[in-house]
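Content type compact mmCIF, C-alpha atoms, from the file target_35.txt:
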```txt
# COMPACT_ATOMS: atom_id res chain seq x y z
CA MET A 1 119.72 107.90 149.26
CA ALA A 2 121.59 111.08 148.20
CA SER A 3 121.64 113.95 150.65
CA ALA A 4 120.91 117.54 149.60
CA GLY A 5 124.64 118.31 149.70
CA ASP A 6 125.31 115.92 146.81
CA VAL A 7 123.13 117.85 144.35
CA ALA A 8 125.18 120.18 142.15
CA THR A 9 123.77 123.67 141.92
CA LYS A 10 124.56 126.90 140.06
CA PRO A 11 123.27 130.41 140.65
CA VAL A 12 120.43 131.48 138.37
CA GLU A 13 121.54 134.29 136.02
CA ASP A 14 119.87 136.25 133.26
CA LEU A 15 121.20 135.46 129.78
CA GLY A 16 120.91 138.99 128.41
CA HIS A 17 121.61 142.45 129.73
CA LYS A 18 119.02 143.72 132.14
CA ILE A 19 118.68 147.43 132.83
CA ASP A 20 116.35 148.96 135.41
CA GLY A 21 114.42 145.76 135.94
CA ALA A 22 113.60 145.39 132.21
CA VAL A 23 112.81 142.00 130.76
CA SER A 24 115.90 140.05 129.77
CA VAL A 25 115.37 139.12 126.15
CA GLY A 26 118.80 137.93 125.06
CA GLU A 27 118.44 139.49 121.62
CA ASP A 28 121.59 139.53 119.50
CA LEU A 29 120.90 141.93 116.65
CA GLU A 30 124.50 141.86 115.44
CA PHE A 31 124.27 138.11 114.86
CA GLN A 32 120.80 138.49 113.39
CA GLU A 33 122.01 141.09 110.85
CA ARG A 34 124.75 138.67 109.77
CA TRP A 35 122.16 135.90 109.54
CA TRP A 36 119.85 138.03 107.35
CA LYS A 37 122.79 138.71 105.02
CA PHE A 38 123.45 134.96 104.90
CA GLU A 39 119.74 134.32 104.22
CA ASN A 40 119.74 136.79 101.33
CA MET A 41 122.82 135.09 99.91
CA VAL A 42 121.14 131.68 100.24
CA TRP A 43 118.03 132.95 98.42
CA SER A 44 120.25 134.28 95.61
CA ILE A 45 121.96 130.89 95.36
CA PHE A 46 118.55 129.15 95.34
CA ALA A 47 117.39 131.42 92.51
CA LEU A 48 120.57 130.73 90.55
CA LEU A 49 120.25 126.98 91.08
CA LEU A 50 116.64 127.13 89.90
CA VAL A 51 117.58 128.99 86.72
CA LEU A 52 120.43 126.53 86.06
CA ASP A 53 118.04 123.63 86.61
CA LEU A 54 115.47 125.12 84.22
CA LEU A 55 118.24 125.46 81.64
CA GLY A 56 119.11 121.81 82.17
CA VAL A 57 122.56 122.26 83.69
CA PHE A 58 121.65 119.52 86.17
CA GLY A 59 120.23 117.28 83.45
CA ARG A 60 116.81 116.78 81.85
CA GLY A 61 116.89 120.04 79.91
CA TRP A 62 118.19 122.04 76.98
CA ALA A 63 121.80 122.34 78.22
CA ALA A 64 121.99 118.60 78.89
CA LYS A 65 121.08 117.52 75.37
CA ALA A 66 123.92 116.92 72.95
CA LYS A 67 124.59 115.60 69.47
CA ALA A 68 127.63 113.88 68.04
CA ASP A 69 128.36 112.62 64.53
CA THR A 70 131.10 110.73 62.83
CA SER A 71 132.72 112.78 60.07
CA ASP A 72 131.94 110.06 57.49
CA GLY A 73 128.23 110.39 58.29
CA ALA A 74 127.89 106.76 59.33
CA LEU A 75 126.48 107.59 62.78
CA HIS A 76 124.54 110.44 64.34
CA VAL A 77 124.07 110.23 68.10
CA ARG A 78 121.71 112.23 70.28
CA TYR A 79 122.41 111.81 73.96
CA GLU A 80 122.36 113.62 77.28
CA ARG A 81 125.75 114.88 78.42
CA ILE A 82 124.35 115.33 81.93
CA GLU A 83 122.37 112.47 83.37
CA ARG A 84 120.69 112.02 86.73
CA THR A 85 121.13 109.00 88.96
CA MET A 86 118.32 106.45 88.68
CA THR A 87 116.55 108.61 86.12
CA PRO A 88 115.72 107.20 82.68
CA SER A 89 116.98 108.82 79.50
CA VAL A 90 117.25 107.75 75.89
CA MET A 91 120.28 107.76 73.63
CA ARG A 92 119.34 107.66 69.96
CA VAL A 93 121.76 106.38 67.36
CA ARG A 94 120.88 107.01 63.72
CA PHE A 95 122.76 105.09 61.07
CA GLY A 96 123.76 106.97 57.95
CA PRO A 97 122.96 105.50 54.49
CA ASN A 98 126.54 104.28 54.07
CA ALA A 99 126.62 102.42 57.43
CA ALA A 100 124.95 99.22 56.17
CA VAL A 101 127.19 96.32 55.16
CA ASP A 102 125.64 93.24 53.53
CA GLY A 103 122.16 94.41 54.55
CA LYS A 104 123.09 94.75 58.19
CA TYR A 105 124.01 97.54 60.55
CA LYS A 106 126.70 96.73 63.05
CA LEU A 107 127.23 98.89 66.10
CA PHE A 108 130.00 98.79 68.68
CA VAL A 109 129.16 100.21 72.12
CA SER A 110 131.60 100.37 75.01
CA ALA A 111 130.88 98.32 78.13
CA SER A 112 130.34 101.53 80.11
CA LEU A 113 127.08 102.12 78.28
CA VAL A 114 125.70 98.88 79.67
CA GLY A 115 127.55 99.07 82.99
CA GLU A 116 127.94 102.53 84.52
CA LEU A 117 125.31 104.21 82.36
CA GLY A 118 122.87 101.38 83.03
CA ASN A 119 121.46 100.47 79.63
CA GLN A 120 118.11 98.84 80.35
CA ARG A 121 116.82 98.13 76.87
CA ILE A 122 117.73 98.41 73.19
CA ALA A 123 114.98 99.17 70.72
CA PRO A 124 114.75 97.48 68.30
CA GLU A 125 116.30 94.39 69.79
CA PRO A 126 119.49 93.41 67.94
CA GLU A 127 119.51 90.33 65.76
CA SER A 128 122.70 89.22 67.46
CA SER A 129 125.27 90.50 69.89
CA ALA A 130 128.92 89.74 70.46
CA VAL A 131 131.16 90.63 73.35
CA GLY A 132 134.81 91.67 73.37
CA ASP A 133 137.27 94.54 72.89
CA GLY A 134 135.89 96.38 75.91
CA GLY A 135 132.34 96.42 74.69
CA PHE A 136 129.64 94.81 72.63
CA VAL A 137 128.87 94.60 68.92
CA TYR A 138 125.18 94.55 68.08
CA THR A 139 123.89 93.57 64.66
CA PHE A 140 120.60 94.89 63.26
CA PRO A 141 118.98 93.96 59.95
CA ALA A 142 119.02 96.97 57.61
CA LEU A 143 115.68 97.69 55.92
CA GLY A 144 116.23 101.26 54.80
CA GLN A 145 116.35 104.84 56.04
CA PRO A 146 115.84 106.26 58.61
CA ALA A 147 117.47 103.61 60.81
CA ILE A 148 117.41 104.53 64.47
CA VAL A 149 118.40 102.49 67.51
CA SER A 150 117.46 103.68 71.00
CA PHE A 151 119.26 102.84 74.21
CA SER A 152 117.26 103.34 77.41
CA LEU A 153 119.79 104.45 80.03
CA GLU A 154 119.39 104.64 83.78
CA PRO A 155 122.69 105.25 85.60
CA ALA A 156 122.84 103.63 89.02
CA SER A 157 125.34 105.96 90.67
CA PRO A 158 126.75 109.46 90.22
CA GLY A 159 130.12 110.06 88.55
CA ILE A 160 131.86 110.99 85.33
CA TYR A 161 131.75 108.24 82.75
CA HIS A 162 133.00 107.86 79.19
CA TRP A 163 131.33 105.97 76.41
CA LYS A 164 132.40 104.99 72.93
CA ILE A 165 130.15 104.10 70.06
CA GLY A 166 130.76 103.47 66.39
CA VAL A 167 130.60 101.16 63.43
CA PRO A 168 133.21 98.37 63.83
CA ASP A 169 136.31 99.14 61.73
CA GLY A 170 134.98 102.66 61.25
CA GLN A 171 135.13 105.94 63.10
CA MET A 172 134.23 106.00 66.75
CA ILE A 173 132.50 108.67 68.79
CA GLU A 174 133.89 109.06 72.30
CA LYS A 175 132.09 111.26 74.79
CA ARG A 176 131.88 111.98 78.46
CA VAL A 177 128.72 111.94 80.55
CA VAL A 178 128.36 113.52 83.95
CA VAL A 179 125.88 111.72 86.17
CA VAL A 180 124.65 113.99 88.93
CA PRO A 181 123.31 112.58 92.24
CA MET B 1 126.18 103.16 103.19
CA ALA B 2 124.99 105.73 100.62
CA ALA B 3 121.55 105.69 102.22
CA VAL B 4 123.03 106.81 105.54
CA PHE B 5 124.77 109.76 103.84
CA ARG B 6 121.57 110.59 101.99
CA ALA B 7 119.71 110.63 105.31
CA ILE B 8 122.33 112.94 106.89
CA PHE B 9 122.24 115.25 103.89
CA GLY B 10 118.43 115.24 103.82
CA TYR B 11 118.20 116.07 107.52
CA LEU B 12 120.76 118.89 107.41
CA PHE B 13 119.30 120.28 104.19
CA LEU B 14 115.82 120.35 105.72
CA ILE B 15 117.19 122.15 108.78
CA LEU B 16 118.77 124.78 106.50
CA MET B 17 115.56 125.14 104.51
CA VAL B 18 113.35 125.54 107.55
CA ARG B 19 115.84 127.97 109.10
CA VAL B 20 116.08 130.05 105.93
CA VAL B 21 112.39 129.96 105.07
CA GLY B 22 111.89 131.73 108.37
CA ARG B 23 110.52 131.59 111.84
CA ARG B 24 106.81 132.05 111.99
CA PRO B 25 104.72 132.00 115.13
CA GLY B 26 103.98 128.36 115.89
CA LYS B 27 100.34 128.91 116.77
CA GLN B 28 99.76 130.68 113.47
CA ILE B 29 100.82 128.13 110.90
CA THR B 30 98.75 128.98 107.88
CA PRO B 31 97.50 126.42 105.32
CA PHE B 32 100.31 127.64 103.03
CA GLU B 33 102.89 126.69 105.64
CA PHE B 34 101.26 123.27 106.10
CA ILE B 35 101.65 122.73 102.35
CA LEU B 36 105.29 123.82 102.59
CA ILE B 37 105.99 121.39 105.44
CA PHE B 38 104.34 118.45 103.67
CA PHE B 39 106.10 119.21 100.39
CA LEU B 40 109.53 119.68 101.95
CA GLY B 41 109.15 116.45 103.91
CA GLY B 42 107.78 114.44 101.01
CA LEU B 43 110.32 115.64 98.47
CA THR B 44 113.24 115.09 100.84
CA LEU B 45 111.97 111.59 101.51
CA THR B 46 111.96 110.78 97.79
CA GLY B 47 115.66 111.59 97.49
CA MET B 48 116.60 109.99 100.80
CA VAL B 49 114.91 106.65 100.15
CA GLY B 50 115.57 106.40 96.41
CA ASP B 51 114.83 102.89 95.22
CA GLU B 52 115.88 101.27 98.50
CA VAL B 53 112.51 100.43 99.99
CA SER B 54 113.67 97.68 102.35
CA LEU B 55 112.85 97.70 106.04
CA THR B 56 116.59 97.59 106.77
CA ASN B 57 117.10 100.81 104.85
CA ALA B 58 114.21 102.53 106.66
CA PHE B 59 115.58 101.30 110.00
CA CYS B 60 119.11 102.57 109.25
CA GLN B 61 117.89 105.94 107.96
CA ILE B 62 115.62 106.49 110.97
CA ILE B 63 118.54 105.71 113.29
CA THR B 64 120.75 108.07 111.26
CA VAL B 65 118.27 110.93 111.53
CA ALA B 66 117.82 110.23 115.25
CA CYS B 67 121.61 110.30 115.79
CA CYS B 68 121.94 113.55 113.78
CA HIS B 69 119.19 115.10 115.85
CA TYR B 70 120.76 113.95 119.10
CA ALA B 71 124.17 115.31 118.01
CA ILE B 72 122.69 118.71 117.15
CA VAL B 73 120.72 118.89 120.41
CA TRP B 74 123.87 117.93 122.34
CA LEU B 75 125.95 120.55 120.49
CA ARG B 76 123.27 123.14 121.16
CA THR B 77 123.42 122.53 124.89
CA LYS B 78 127.23 122.62 124.90
CA SER B 79 127.81 125.66 122.71
CA PRO B 80 125.77 128.89 122.78
CA ARG B 81 127.19 129.70 119.32
CA VAL B 82 125.78 126.49 117.85
CA ALA B 83 122.48 127.13 119.64
CA ARG B 84 122.35 130.63 118.14
CA LEU B 85 123.15 129.25 114.70
CA PHE B 86 120.40 126.62 114.74
CA ASP B 87 117.74 128.51 116.70
CA GLY B 88 118.60 132.15 116.12
CA THR B 89 118.14 134.66 118.91
CA PRO B 90 114.96 136.11 120.38
CA LEU B 91 113.95 139.23 118.48
CA ARG B 92 112.07 142.25 119.75
CA LEU B 93 109.13 143.04 117.47
CA ILE B 94 107.67 145.77 119.67
CA ASP B 95 109.88 147.58 122.13
CA GLY B 96 108.56 150.33 124.40
CA GLY B 97 105.34 150.41 122.41
CA GLN B 98 107.22 150.97 119.11
CA TYR B 99 107.35 148.54 116.21
CA ARG B 100 110.79 147.31 115.20
CA VAL B 101 110.11 147.76 111.50
CA ARG B 102 113.27 146.15 110.09
CA THR B 103 112.92 143.08 112.30
CA MET B 104 109.25 142.70 111.33
CA GLU B 105 110.08 142.98 107.62
CA GLN B 106 113.06 140.65 107.74
CA MET B 107 111.08 138.05 109.68
CA ARG B 108 108.21 138.48 107.19
CA LEU B 109 105.77 139.22 109.99
CA GLN B 110 102.79 141.52 109.69
CA LYS B 111 101.08 143.67 112.27
CA ALA B 112 98.09 141.34 111.90
CA ASP B 113 100.23 138.46 113.23
CA LEU B 114 100.97 140.45 116.36
CA MET B 115 97.35 141.48 116.71
CA ALA B 116 96.24 137.86 116.48
CA MET B 117 98.73 136.93 119.19
CA ALA B 118 97.52 139.85 121.33
CA ARG B 119 93.92 138.65 121.04
CA ASP B 120 95.07 135.13 121.86
CA GLN B 121 96.51 136.46 125.11
CA GLY B 122 93.36 138.37 125.98
CA MET B 123 94.49 141.87 124.98
CA LYS B 124 92.00 144.20 123.41
CA SER B 125 94.41 146.49 121.59
CA ILE B 126 97.92 146.27 120.20
CA THR B 127 98.65 149.56 121.96
CA ASP B 128 98.47 147.64 125.27
CA ILE B 129 101.72 145.89 124.36
CA ASP B 130 104.95 147.19 125.77
CA LEU B 131 107.22 144.43 124.53
CA ALA B 132 106.68 141.72 121.92
CA VAL B 133 109.40 139.14 121.42
CA LEU B 134 109.65 136.55 118.67
CA GLU B 135 111.08 133.67 120.62
CA ARG B 136 113.54 131.09 119.31
CA ASN B 137 110.79 128.45 119.12
CA GLY B 138 108.65 130.75 116.94
CA GLU B 139 106.23 131.77 119.66
CA ILE B 140 105.57 135.47 120.26
CA SER B 141 105.73 136.58 123.89
CA LEU B 142 103.78 139.70 124.73
CA ILE B 143 104.31 141.87 127.77
CA LYS B 144 101.64 144.39 128.68
CA LYS B 145 102.34 148.01 129.47
CA GLU B 146 102.33 148.63 133.16
CA GLU B 147 99.08 150.16 134.46
CA GLU B 148 99.61 153.81 135.35
```

Whole structure, structure tokens version:
Amino acid sequence: MASAGDVATKPVEDLGHKIDGAVSVGEDLEFQERWWKFENMVWSIFALLLVLDLLGVFGRGWAAKAKADTSDGALHVRYERIERTMTPSVMRVRFGPNAAVDGKYKLFVSASLVGELGNQRIAPEPESSAVGDGGFVYTFPALGQPAIVSFSLEPASPGIYHWKIGVPDGQMIEKRVVVVP
Amino acid sequence: MAAVFRAIFGYLFLILMVRVVGRRPGKQITPFEFILIFFLGGLTLTGMVGDEVSLTNAFCQIITVACCHYAIVWLRTKSPRVARLFDGTPLRLIDGGQYRVRTMEQMRLQKADLMAMARDQGMKSITDIDLAVLERNGEISLIKKEEE
């Protein structure tokens, strides 16, 4: 059993200044003024972030949407240059009238579209697909205009990724997508 | 791995939010503040959990939050600066029978809040108060004027 002498003790002291028996509050107005300045700054940053989000700077909005075309008019792509992790988005590829060869549209997409950018589904489903050259070539039967293929994307992790899309043996569109957490 | 970092971020972000949104007297949480608490908690949870709904993930994230909390509590006891940063300092709202107007405004407190606290402590009038202190835990301590 421990004796009373073994118990460590310290004198009891007031934390703040105490004058004429007043209550010791321990107020630190100097710190508090700095904290209020910090708080005001944080609210300004919150407001700015909110405005940026409404504009789509963090994806899912006006600033995130982008278009890209090949100069020969074979492909017109609408995509989101800023994506969000685990959030679905759609990339639409419209074939131009001169893109069809032997009644078929062929489309090369880089492997990153299926890998990093998490392509979940292609609508309509391609008639056939082939793999190689760092990507995939999908073949769709051409019925007429407009001819649009949609890729449902859902990136699994944040990062900066590049994709390439085009008609095989034709011009390619290469773009960068930022996936935010 | 990422889930652990998400849990740390979520915990620290919630601490910042609660600290910035302001200290309000604990006994006087209004329905609006209940909504705020539920929303902040629920929305943080969505980002923290993501699509990882396994029991393992929940277990690891709970342990992570517990460890973060323990670390902050430990730091608070070791360093008065850290304690001041996380908890703030006590603030005088009424001193010598005079309102501290700037403090009241900055802490988004109204005279009605003080009056409610005065009634809670059995005082009939706010003029009976000599000193009112917004404590670090959000409670308001009231000290009566000495009887003449």

Excluding same-chain residues fewer than 6 positions from segment 67-71 of chain A, what lies within 9 Å of it counting all atoms listed in the file, as a compact mmCIF listing (two decimals) with C-alpha atoms, keeping the file's coordinate frame?
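The result, stored in out.txt:
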```
# COMPACT_ATOMS: atom_id res chain seq x y z
CA VAL A 77 124.07 110.23 68.10
CA ARG A 78 121.71 112.23 70.28
CA TYR A 79 122.41 111.81 73.96
CA GLU A 80 122.36 113.62 77.28
CA GLY A 166 130.76 103.47 66.39
CA GLN A 171 135.13 105.94 63.10
CA MET A 172 134.23 106.00 66.75
CA ILE A 173 132.50 108.67 68.79
CA GLU A 174 133.89 109.06 72.30
CA LYS A 175 132.09 111.26 74.79
```

List every protein, DNA or RNA residue that has an atom no more than 9 Å from (114.7, 100.4, 69.7) in the file's coordinate frame, counting all atoms listed in the file, and report them as a PDB file with C-alpha atoms, keeping the file's coordinate frame.
```
ATOM      1  CA  ARG A  92     119.340 107.660  69.960  1.00  0.00           C
ATOM      2  CA  ARG A 121     116.820  98.130  76.870  1.00  0.00           C
ATOM      3  CA  ILE A 122     117.730  98.410  73.190  1.00  0.00           C
ATOM      4  CA  ALA A 123     114.980  99.170  70.720  1.00  0.00           C
ATOM      5  CA  PRO A 124     114.750  97.480  68.300  1.00  0.00           C
ATOM      6  CA  GLU A 125     116.300  94.390  69.790  1.00  0.00           C
ATOM      7  CA  PRO A 126     119.490  93.410  67.940  1.00  0.00           C
ATOM      8  CA  ILE A 148     117.410 104.530  64.470  1.00  0.00           C
ATOM      9  CA  VAL A 149     118.400 102.490  67.510  1.00  0.00           C
ATOM     10  CA  SER A 150     117.460 103.680  71.000  1.00  0.00           C
ATOM     11  CA  PHE A 151     119.260 102.840  74.210  1.00  0.00           C
ATOM     12  CA  SER A 152     117.260 103.340  77.410  1.00  0.00           C
TER      13      SER A 152
END
```

Please report, as a Markdown table, each residue of chain B lying at most 6 Å from chain A, together with the nearest pair of atoms and the separation in Å rounded to one decimal; use only C-alpha atoms, and order rows by chain and ascending residue number.
```
| residue | atom | partner | partner_atom | distance |
| --- | --- | --- | --- | --- |
| B:Val20 | CA | A:Glu39 | CA | 5.9 |
| B:Thr89 | CA | A:Glu27 | CA | 5.5 |
| B:Pro90 | CA | A:Glu27 | CA | 5.0 |
| B:Leu91 | CA | A:Glu27 | CA | 5.5 |
```

Exercise. Using all atoms listed in the file, which residues sit within 12 Å of Gly41 of chain B once same-chain residues fewer than 2 positions away are excluded, as an MDAnalysis selection string?
Worked result: chainID B and resid 10:11 13:15 17:18 34:39 43:49

Exercise. Restricting the calculation to only C-alpha atoms, which member of B:Thr30, B:Ala3, B:Val65, B:Asp113 is positioned closest to Asp51 of chain B?
Worked result: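 Residue with the minimum atom-to-atom distance to Asp51 of chain B: B:Ala3.
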